[in-house]
Amino acid sequence: MEKTILFDLDGTLTASGIGITKCVQHALEKMGHPENDLKKLEIFIGPPLITQFMEYLNISKEEAEQAVAYYRERYTTVGIFENELYPNVEKMLKTLKDNNYTLAVSSSKPEKFVKQILEHFEIEQYFDEVVGATMSEKRTDKAEVIEETLKRLGRINCSNNDANNIATEKTINTENIIMVGDKKHDILGARQFGIPCVAVSYGYGTIEELTNENPHKIVNTVDELLDYLLNN
């Protein structure tokens with residue numbers, strides 16, 4: 001079985017913090033809760049936006065959906081491009097593909113935006129699959145994103161065993177798969193499928209957050225990540 005790596009996007013491949021936090025700031029202003037400290041808003045990087053707005057403002061799902069709409073007002077035109085690749089990311093991806101790895105992106109960001117970002121940085125050609133949430137904020141939980149990625153990679157097969165042709169059994173093959181991410185959601189989502197997760201400390205998760213979730217490995221740079229993926 002070929003070696004397969006699932007990459008998170010924000011905080012793992014790209015440094016997207018400024019764009020995301022400024023768009024959250026825009027939404028909070030529209031919601032009547034202005035916040036000047038962008039650092040405080042880094043908690044919005046990684047988790048599903050609706051969930052994070054609900055928790056941050058203690059609001060209903062319907063109100064959170066309005067906050068996401070305000071967020072996208074700025075994100076779709078400006079925020080999406082307030083972003084940059086981490087140093088040596090393209091070199092890492094090229095090296096992995098040259099060594100016959102199967103690569104995929106598994107992000108809680110809407111899939112449309114994920115593809116737009118990969119195309120903007122001209123790295124979309126390295127990925128066999130790109131999976132994200134829907135624009136209606138479905139499939140935002142990291143475990144759901146990983147499950148969809150496994151399906152598209154042919155690692156999940158469903159059996160139809162009843163008269164209504166409903167899939168009642170799943171066969172999941174996670175051999176030689178690893179997840180790479182920067183937040184606890186990546187570790188926990190991968191763990192639901194028995195997939196080890198390499199956590200990167202250069203992203204937006206704190207060392208304490210990552211350590212508490214006991215990932216397979218913590219690496220500090222993209223070069224260290226590449227070395228680990230090639231040799232372990």
# chains A, B, ... in the order shown; residues from 1 in each chain; ligands from 1
>>> residues_around(residues="Ile177 in chain A", least_positions_apart="6", cutoff="7 Å", atoms="only C-alpha atoms", output="compact mmCIF listing (two decimals) with all heavy atoms, in the first residue's frame")
# COMPACT_ATOMS: atom_id res chain seq x y z
N LYS A 3 2.30 5.03 0.52
CA LYS A 3 2.27 5.93 1.68
C LYS A 3 1.43 7.15 1.34
O LYS A 3 1.59 7.76 0.29
CB LYS A 3 3.70 6.33 2.05
CG LYS A 3 4.55 5.17 2.54
CD LYS A 3 5.95 5.63 2.91
CE LYS A 3 6.79 4.46 3.42
NZ LYS A 3 8.16 4.88 3.77
N THR A 4 0.54 7.50 2.26
CA THR A 4 -0.41 8.59 2.03
C THR A 4 -0.34 9.59 3.17
O THR A 4 -0.32 9.20 4.34
CB THR A 4 -1.85 8.04 1.92
OG1 THR A 4 -1.91 7.11 0.83
CG2 THR A 4 -2.85 9.15 1.69
N ILE A 5 -0.31 10.86 2.82
CA ILE A 5 -0.25 11.93 3.83
C ILE A 5 -1.42 12.87 3.63
O ILE A 5 -1.65 13.37 2.52
CB ILE A 5 1.07 12.71 3.74
CG1 ILE A 5 2.27 11.77 3.84
CG2 ILE A 5 1.14 13.76 4.85
CD1 ILE A 5 3.60 12.44 3.55
N ILE A 195 -5.57 6.87 12.80
CA ILE A 195 -4.50 7.43 11.98
C ILE A 195 -3.57 8.26 12.87
O ILE A 195 -4.03 9.15 13.59
CB ILE A 195 -5.07 8.31 10.86
CG1 ILE A 195 -5.93 7.47 9.91
CG2 ILE A 195 -3.96 9.03 10.10
CD1 ILE A 195 -6.68 8.29 8.88
>>> residues_around(residues="range 9-23 of chain A", least_positions_apart="3", cutoff="7 Å", atoms="only C-alpha atoms", output="count of residues only")
25
>>> select_by_dssp(residues="range 37-151 of chain A", states="alpha helix (DSSP H)", output="PyMOL selection string")
chain A and resi 49-57+61-75+89-98+111-120+142-151
>>> select_by_dssp(residues="range 8-224 of chain A", states="strand (DSSP E or B)", output="compact mmCIF listing (two decimals) with all heavy atoms, in the first residue's frame")
# COMPACT_ATOMS: atom_id res chain seq x y z
N ASP A 10 -4.53 25.57 6.82
CA ASP A 10 -4.19 26.75 7.62
C ASP A 10 -3.29 26.37 8.79
O ASP A 10 -3.64 25.52 9.61
CB ASP A 10 -5.46 27.42 8.16
CG ASP A 10 -6.35 27.94 7.05
OD1 ASP A 10 -5.82 28.46 6.06
OD2 ASP A 10 -7.59 27.83 7.18
N THR A 14 0.03 26.80 4.93
CA THR A 14 0.03 28.26 4.73
C THR A 14 -0.13 29.00 6.05
O THR A 14 -0.83 28.55 6.96
CB THR A 14 -1.10 28.70 3.78
OG1 THR A 14 -2.37 28.52 4.42
CG2 THR A 14 -1.05 27.93 2.48
N ALA A 15 0.51 30.18 6.11
CA ALA A 15 0.38 31.09 7.24
C ALA A 15 -0.76 32.06 6.91
O ALA A 15 -0.55 33.11 6.30
CB ALA A 15 1.68 31.84 7.48
N GLU A 84 0.34 33.27 3.03
CA GLU A 84 1.60 32.90 2.37
C GLU A 84 1.98 31.48 2.73
O GLU A 84 1.60 30.96 3.78
CB GLU A 84 2.73 33.87 2.74
CG GLU A 84 3.07 33.88 4.22
CD GLU A 84 4.14 34.91 4.55
OE1 GLU A 84 4.54 35.67 3.66
OE2 GLU A 84 4.57 34.94 5.72
N LEU A 85 2.73 30.84 1.84
CA LEU A 85 3.25 29.51 2.14
C LEU A 85 4.31 29.60 3.22
O LEU A 85 5.10 30.55 3.25
CB LEU A 85 3.88 28.89 0.89
CG LEU A 85 2.98 28.44 -0.26
CD1 LEU A 85 3.84 27.89 -1.39
CD2 LEU A 85 1.98 27.40 0.20
N THR A 102 1.29 9.54 -1.91
CA THR A 102 -0.02 10.07 -2.24
C THR A 102 -0.32 11.19 -1.26
O THR A 102 -0.23 11.00 -0.05
CB THR A 102 -1.11 8.97 -2.13
OG1 THR A 102 -0.84 7.96 -3.10
CG2 THR A 102 -2.49 9.55 -2.37
N LEU A 103 -0.67 12.36 -1.78
CA LEU A 103 -0.89 13.54 -0.93
C LEU A 103 -2.32 14.04 -1.08
O LEU A 103 -2.89 14.04 -2.18
CB LEU A 103 0.07 14.66 -1.31
CG LEU A 103 1.57 14.34 -1.34
CD1 LEU A 103 2.37 15.58 -1.68
CD2 LEU A 103 2.03 13.74 -0.01
N ALA A 104 -2.89 14.47 0.04
CA ALA A 104 -4.23 15.04 0.03
C ALA A 104 -4.29 16.20 1.01
O ALA A 104 -3.52 16.26 1.97
CB ALA A 104 -5.28 13.99 0.40
N VAL A 105 -5.20 17.12 0.77
CA VAL A 105 -5.51 18.18 1.73
C VAL A 105 -6.83 17.85 2.39
O VAL A 105 -7.81 17.52 1.71
CB VAL A 105 -5.60 19.56 1.06
CG1 VAL A 105 -6.05 20.62 2.06
CG2 VAL A 105 -4.25 19.96 0.47
N SER A 106 -6.86 17.91 3.72
CA SER A 106 -8.08 17.67 4.51
C SER A 106 -8.27 18.88 5.41
O SER A 106 -7.64 18.99 6.47
CB SER A 106 -7.95 16.40 5.35
OG SER A 106 -7.78 15.26 4.52
N SER A 107 -9.13 19.80 4.99
CA SER A 107 -9.29 21.08 5.69
C SER A 107 -10.75 21.32 6.06
O SER A 107 -11.66 20.92 5.34
CB SER A 107 -8.80 22.22 4.79
OG SER A 107 -9.11 23.49 5.34
N SER A 108 -10.96 22.00 7.19
CA SER A 108 -12.31 22.39 7.59
C SER A 108 -12.77 23.66 6.89
O SER A 108 -13.92 24.08 7.04
CB SER A 108 -12.38 22.59 9.11
OG SER A 108 -12.21 21.36 9.78
N LYS A 109 -11.88 24.28 6.11
CA LYS A 109 -12.24 25.44 5.31
C LYS A 109 -13.08 24.96 4.11
O LYS A 109 -12.88 23.84 3.63
CB LYS A 109 -10.95 26.11 4.80
CG LYS A 109 -11.15 27.39 4.01
CD LYS A 109 -9.85 27.87 3.40
CE LYS A 109 -8.84 28.28 4.46
NZ LYS A 109 -9.27 29.46 5.24
N PRO A 110 -14.02 25.77 3.63
CA PRO A 110 -14.78 25.36 2.45
C PRO A 110 -13.88 24.94 1.29
O PRO A 110 -12.88 25.60 1.00
CB PRO A 110 -15.59 26.62 2.11
CG PRO A 110 -15.82 27.26 3.43
CD PRO A 110 -14.54 27.04 4.19
N GLU A 129 -5.96 14.44 -3.92
CA GLU A 129 -7.32 14.82 -3.53
C GLU A 129 -7.27 16.09 -2.69
O GLU A 129 -6.32 16.30 -1.92
CB GLU A 129 -8.01 13.71 -2.73
CG GLU A 129 -8.39 12.48 -3.53
CD GLU A 129 -9.50 12.72 -4.53
OE1 GLU A 129 -10.18 13.76 -4.43
OE2 GLU A 129 -9.68 11.87 -5.41
N VAL A 130 -8.30 16.92 -2.83
CA VAL A 130 -8.44 18.13 -2.02
C VAL A 130 -9.85 18.12 -1.44
O VAL A 130 -10.84 18.15 -2.18
CB VAL A 130 -8.22 19.41 -2.86
CG1 VAL A 130 -8.49 20.65 -2.02
CG2 VAL A 130 -6.81 19.43 -3.43
N VAL A 131 -9.93 18.08 -0.12
CA VAL A 131 -11.23 17.95 0.54
C VAL A 131 -11.39 19.04 1.59
O VAL A 131 -10.48 19.33 2.37
CB VAL A 131 -11.38 16.56 1.22
CG1 VAL A 131 -12.75 16.43 1.88
CG2 VAL A 131 -11.17 15.44 0.20
N GLY A 132 -12.56 19.65 1.58
CA GLY A 132 -12.88 20.66 2.57
C GLY A 132 -14.36 20.60 2.93
O GLY A 132 -15.07 19.65 2.57
N ALA A 133 -14.82 21.64 3.60
CA ALA A 133 -16.23 21.73 3.96
C ALA A 133 -17.03 22.20 2.75
O ALA A 133 -16.48 22.60 1.73
CB ALA A 133 -16.40 22.72 5.11
N ILE A 156 -12.16 3.79 1.86
CA ILE A 156 -13.39 3.37 2.53
C ILE A 156 -14.31 2.77 1.48
O ILE A 156 -14.62 3.40 0.47
CB ILE A 156 -14.11 4.55 3.22
CG1 ILE A 156 -13.25 5.09 4.37
CG2 ILE A 156 -15.47 4.10 3.75
CD1 ILE A 156 -13.91 6.23 5.13
N ASN A 157 -14.71 1.55 1.71
CA ASN A 157 -15.66 0.87 0.84
C ASN A 157 -16.93 0.58 1.62
O ASN A 157 -16.87 0.07 2.74
CB ASN A 157 -15.06 -0.43 0.31
CG ASN A 157 -13.87 -0.18 -0.59
OD1 ASN A 157 -13.95 0.63 -1.50
ND2 ASN A 157 -12.76 -0.86 -0.33
N CYS A 158 -18.07 0.92 1.04
CA CYS A 158 -19.36 0.69 1.70
C CYS A 158 -20.07 -0.49 1.04
O CYS A 158 -20.07 -0.63 -0.18
CB CYS A 158 -20.24 1.93 1.60
SG CYS A 158 -19.56 3.37 2.45
N SER A 159 -20.66 -1.34 1.87
CA SER A 159 -21.41 -2.49 1.38
C SER A 159 -22.90 -2.23 1.51
O SER A 159 -23.36 -1.72 2.54
CB SER A 159 -21.05 -3.74 2.18
OG SER A 159 -19.66 -4.01 2.07
N ASN A 160 -23.66 -2.56 0.48
CA ASN A 160 -25.11 -2.41 0.52
C ASN A 160 -25.73 -3.75 0.88
O ASN A 160 -25.69 -4.69 0.10
CB ASN A 160 -25.63 -1.94 -0.84
CG ASN A 160 -25.08 -0.58 -1.21
OD1 ASN A 160 -24.95 0.28 -0.35
ND2 ASN A 160 -24.75 -0.39 -2.48
N ALA A 167 -26.11 1.82 2.39
CA ALA A 167 -24.81 1.32 2.84
C ALA A 167 -24.86 1.05 4.34
O ALA A 167 -25.12 1.96 5.13
CB ALA A 167 -23.72 2.33 2.53
N THR A 168 -24.65 -0.19 4.71
CA THR A 168 -24.77 -0.55 6.13
C THR A 168 -23.45 -0.96 6.74
O THR A 168 -23.35 -1.08 7.95
CB THR A 168 -25.78 -1.70 6.29
OG1 THR A 168 -25.38 -2.80 5.46
CG2 THR A 168 -27.17 -1.25 5.88
N GLU A 169 -22.43 -1.21 5.93
CA GLU A 169 -21.13 -1.60 6.45
C GLU A 169 -20.03 -0.81 5.74
O GLU A 169 -20.12 -0.54 4.55
CB GLU A 169 -20.89 -3.10 6.25
CG GLU A 169 -21.79 -3.99 7.09
CD GLU A 169 -21.42 -5.46 6.92
OE1 GLU A 169 -20.42 -5.75 6.23
OE2 GLU A 169 -22.14 -6.30 7.49
N LYS A 170 -19.02 -0.46 6.50
CA LYS A 170 -17.88 0.25 5.93
C LYS A 170 -16.60 -0.54 6.20
O LYS A 170 -16.38 -1.00 7.32
CB LYS A 170 -17.73 1.65 6.54
CG LYS A 170 -18.85 2.62 6.23
CD LYS A 170 -18.59 3.95 6.91
CE LYS A 170 -19.72 4.94 6.64
NZ LYS A 170 -19.48 6.22 7.35
N THR A 171 -15.80 -0.67 5.19
CA THR A 171 -14.48 -1.24 5.36
C THR A 171 -13.47 -0.11 5.18
O THR A 171 -13.42 0.54 4.13
CB THR A 171 -14.20 -2.33 4.31
OG1 THR A 171 -15.19 -3.35 4.44
CG2 THR A 171 -12.82 -2.93 4.52
N ILE A 172 -12.71 0.17 6.23
CA ILE A 172 -11.77 1.30 6.22
C ILE A 172 -10.34 0.78 6.26
O ILE A 172 -9.98 0.01 7.15
CB ILE A 172 -12.02 2.24 7.41
CG1 ILE A 172 -13.48 2.72 7.41
CG2 ILE A 172 -11.07 3.44 7.37
CD1 ILE A 172 -13.84 3.57 8.61
N ILE A 177 -1.07 5.55 6.36
CA ILE A 177 -1.62 6.91 6.28
C ILE A 177 -1.21 7.69 7.52
O ILE A 177 -1.18 7.15 8.63
CB ILE A 177 -3.16 6.90 6.18
CG1 ILE A 177 -3.62 6.26 4.87
CG2 ILE A 177 -3.71 8.33 6.26
CD1 ILE A 177 -5.11 6.31 4.67
N ILE A 178 -0.88 8.96 7.30
CA ILE A 178 -0.57 9.83 8.44
C ILE A 178 -1.21 11.19 8.19
O ILE A 178 -1.37 11.61 7.04
CB ILE A 178 0.96 9.96 8.64
CG1 ILE A 178 1.28 10.45 10.04
CG2 ILE A 178 1.60 10.85 7.58
CD1 ILE A 178 2.72 10.21 10.45
N MET A 179 -1.64 11.84 9.25
CA MET A 179 -2.21 13.18 9.19
C MET A 179 -1.17 14.17 9.66
O MET A 179 -0.38 13.89 10.58
CB MET A 179 -3.45 13.26 10.10
CG MET A 179 -4.12 14.62 10.18
SD MET A 179 -5.13 14.98 8.74
CE MET A 179 -5.18 16.79 8.79
N VAL A 180 -1.14 15.35 9.05
CA VAL A 180 -0.25 16.42 9.50
C VAL A 180 -1.10 17.66 9.76
O VAL A 180 -1.86 18.10 8.88
CB VAL A 180 0.83 16.76 8.44
CG1 VAL A 180 1.72 17.89 8.94
CG2 VAL A 180 1.66 15.53 8.12
N GLY A 181 -1.01 18.21 10.97
CA GLY A 181 -1.81 19.40 11.29
C GLY A 181 -1.21 20.18 12.44
O GLY A 181 -0.22 19.76 13.06
N CYS A 197 -1.01 11.20 13.93
CA CYS A 197 -0.94 12.60 13.50
C CYS A 197 0.41 13.20 13.90
O CYS A 197 0.81 13.11 15.06
CB CYS A 197 -2.07 13.41 14.13
SG CYS A 197 -2.10 15.14 13.59
N VAL A 198 1.08 13.79 12.94
CA VAL A 198 2.27 14.58 13.21
C VAL A 198 1.82 16.02 13.38
O VAL A 198 1.18 16.59 12.48
CB VAL A 198 3.30 14.47 12.08
CG1 VAL A 198 4.47 15.42 12.33
CG2 VAL A 198 3.82 13.05 11.95
N ALA A 199 2.12 16.62 14.50
CA ALA A 199 1.72 17.99 14.79
C ALA A 199 2.88 18.94 14.52
O ALA A 199 4.02 18.64 14.86
CB ALA A 199 1.27 18.12 16.25
N VAL A 200 2.57 20.06 13.89
CA VAL A 200 3.60 21.07 13.62
C VAL A 200 3.46 22.22 14.60
O VAL A 200 2.37 22.75 14.80
CB VAL A 200 3.51 21.57 12.16
CG1 VAL A 200 3.71 20.42 11.19
CG2 VAL A 200 2.19 22.26 11.87
N LYS A 217 3.96 12.65 16.84
CA LYS A 217 5.23 13.37 16.83
C LYS A 217 4.93 14.85 16.73
O LYS A 217 3.93 15.26 16.14
CB LYS A 217 6.06 12.92 15.61
CG LYS A 217 7.37 13.65 15.39
CD LYS A 217 8.44 13.20 16.35
CE LYS A 217 9.79 13.83 15.99
NZ LYS A 217 10.84 13.45 16.97
N ILE A 218 5.79 15.69 17.32
CA ILE A 218 5.71 17.14 17.15
C ILE A 218 6.99 17.59 16.45
O ILE A 218 8.10 17.24 16.89
CB ILE A 218 5.56 17.88 18.49
CG1 ILE A 218 4.24 17.50 19.16
CG2 ILE A 218 5.62 19.40 18.28
CD1 ILE A 218 4.03 18.14 20.53
N VAL A 219 6.84 18.33 15.36
CA VAL A 219 8.01 18.86 14.64
C VAL A 219 7.93 20.38 14.63
O VAL A 219 6.85 20.96 14.74
CB VAL A 219 8.09 18.32 13.20
CG1 VAL A 219 8.27 16.81 13.20
CG2 VAL A 219 6.86 18.71 12.39
>>> closest_residue(among="A:Glu111, A:Asp227, A:Asp186, A:Glu137", to="Gly205 in chain A", atoms="only C-alpha atoms")
A:Asp186
>>> closest_residue(among="A:Arg191, A:Arg139, A:Phe127, A:Glu148", to="Glu213 in chain A", atoms="only C-alpha atoms")
A:Arg191
>>> closest_residue(among="A:Glu119, A:Glu124, A:Glu63, A:Asp37", to="Leu93 in chain A", atoms="only C-alpha atoms")
A:Glu124
>>> residues_around(residues="range 57-60 of chain A", least_positions_apart="5", cutoff="10 Å", atoms="only C-alpha atoms", output="list in words")
Leu28, Met31, His33, Ile50, Thr51, Gln52, Glu65 and Ala67 of chain A
>>> write_last_selection(atoms="N, CA and C atoms", output="PDB file, in the first residue's frame")
ATOM      1  N   LEU A  28     -17.090  40.439  13.699  1.00  0.00           N
ATOM      2  CA  LEU A  28     -17.420  40.832  15.069  1.00  0.00           C
ATOM      3  C   LEU A  28     -17.887  42.282  15.139  1.00  0.00           C
ATOM      4  N   MET A  31     -21.333  42.377  14.089  1.00  0.00           N
ATOM      5  CA  MET A  31     -22.198  41.744  15.083  1.00  0.00           C
ATOM      6  C   MET A  31     -22.312  42.576  16.362  1.00  0.00           C
ATOM      7  N   HIS A  33     -19.678  43.444  18.367  1.00  0.00           N
ATOM      8  CA  HIS A  33     -18.692  43.018  19.373  1.00  0.00           C
ATOM      9  C   HIS A  33     -17.275  43.286  18.850  1.00  0.00           C
ATOM     10  N   ILE A  50     -18.632  28.353  12.349  1.00  0.00           N
ATOM     11  CA  ILE A  50     -19.924  28.468  13.040  1.00  0.00           C
ATOM     12  C   ILE A  50     -19.785  28.081  14.506  1.00  0.00           C
ATOM     13  N   THR A  51     -19.125  26.973  14.752  1.00  0.00           N
ATOM     14  CA  THR A  51     -18.924  26.515  16.128  1.00  0.00           C
ATOM     15  C   THR A  51     -18.143  27.543  16.934  1.00  0.00           C
ATOM     16  N   GLN A  52     -17.095  28.095  16.329  1.00  0.00           N
ATOM     17  CA  GLN A  52     -16.243  29.033  17.058  1.00  0.00           C
ATOM     18  C   GLN A  52     -16.965  30.340  17.347  1.00  0.00           C
ATOM     19  N   GLU A  65     -24.382  31.766  11.883  1.00  0.00           N
ATOM     20  CA  GLU A  65     -24.422  31.714  10.422  1.00  0.00           C
ATOM     21  C   GLU A  65     -24.363  33.121   9.830  1.00  0.00           C
ATOM     22  N   ALA A  67     -22.835  35.620  11.302  1.00  0.00           N
ATOM     23  CA  ALA A  67     -21.448  36.038  11.519  1.00  0.00           C
ATOM     24  C   ALA A  67     -20.535  35.483  10.420  1.00  0.00           C
TER      25      ALA A  67
END
>>> atom_distance(atom1="CA of Lys142 in chain A", atom2="CA of Asn214 in chain A")
17.0 Å
>>> residues_around(residues="Asp141 in chain A", least_positions_apart="4", cutoff="9 Å", atoms="only C-alpha atoms", output="compact mmCIF listing (two decimals) with N, CA and C atoms, in the first residue's frame")
# COMPACT_ATOMS: atom_id res chain seq x y z
N PRO A 47 -10.69 25.58 13.74
CA PRO A 47 -12.01 25.01 14.04
C PRO A 47 -13.07 25.50 13.04
N PRO A 48 -14.20 24.79 12.94
CA PRO A 48 -15.31 25.27 12.12
C PRO A 48 -15.76 26.66 12.58
N SER A 108 -10.96 22.00 7.19
CA SER A 108 -12.31 22.39 7.59
C SER A 108 -12.77 23.66 6.89
N ALA A 133 -14.82 21.64 3.60
CA ALA A 133 -16.23 21.73 3.96
C ALA A 133 -17.03 22.20 2.75
N VAL A 145 -14.21 15.49 7.59
CA VAL A 145 -13.35 15.83 6.45
C VAL A 145 -12.41 14.67 6.13
N ILE A 146 -11.83 14.08 7.17
CA ILE A 146 -10.93 12.95 6.97
C ILE A 146 -11.68 11.77 6.37
N HIS A 185 -7.68 19.64 16.82
CA HIS A 185 -8.75 19.08 16.00
C HIS A 185 -8.18 18.08 14.98
N GLY A 189 -9.33 14.28 15.19
CA GLY A 189 -10.02 13.78 14.01
C GLY A 189 -9.34 12.55 13.44
>>> atom_distance(atom1="CA of Glu55 in chain A", atom2="CA of Lys40 in chain A")
13.7 Å
>>> atom_distance(atom1="CA of Leu49 in chain A", atom2="CA of Val68 in chain A")
6.7 Å
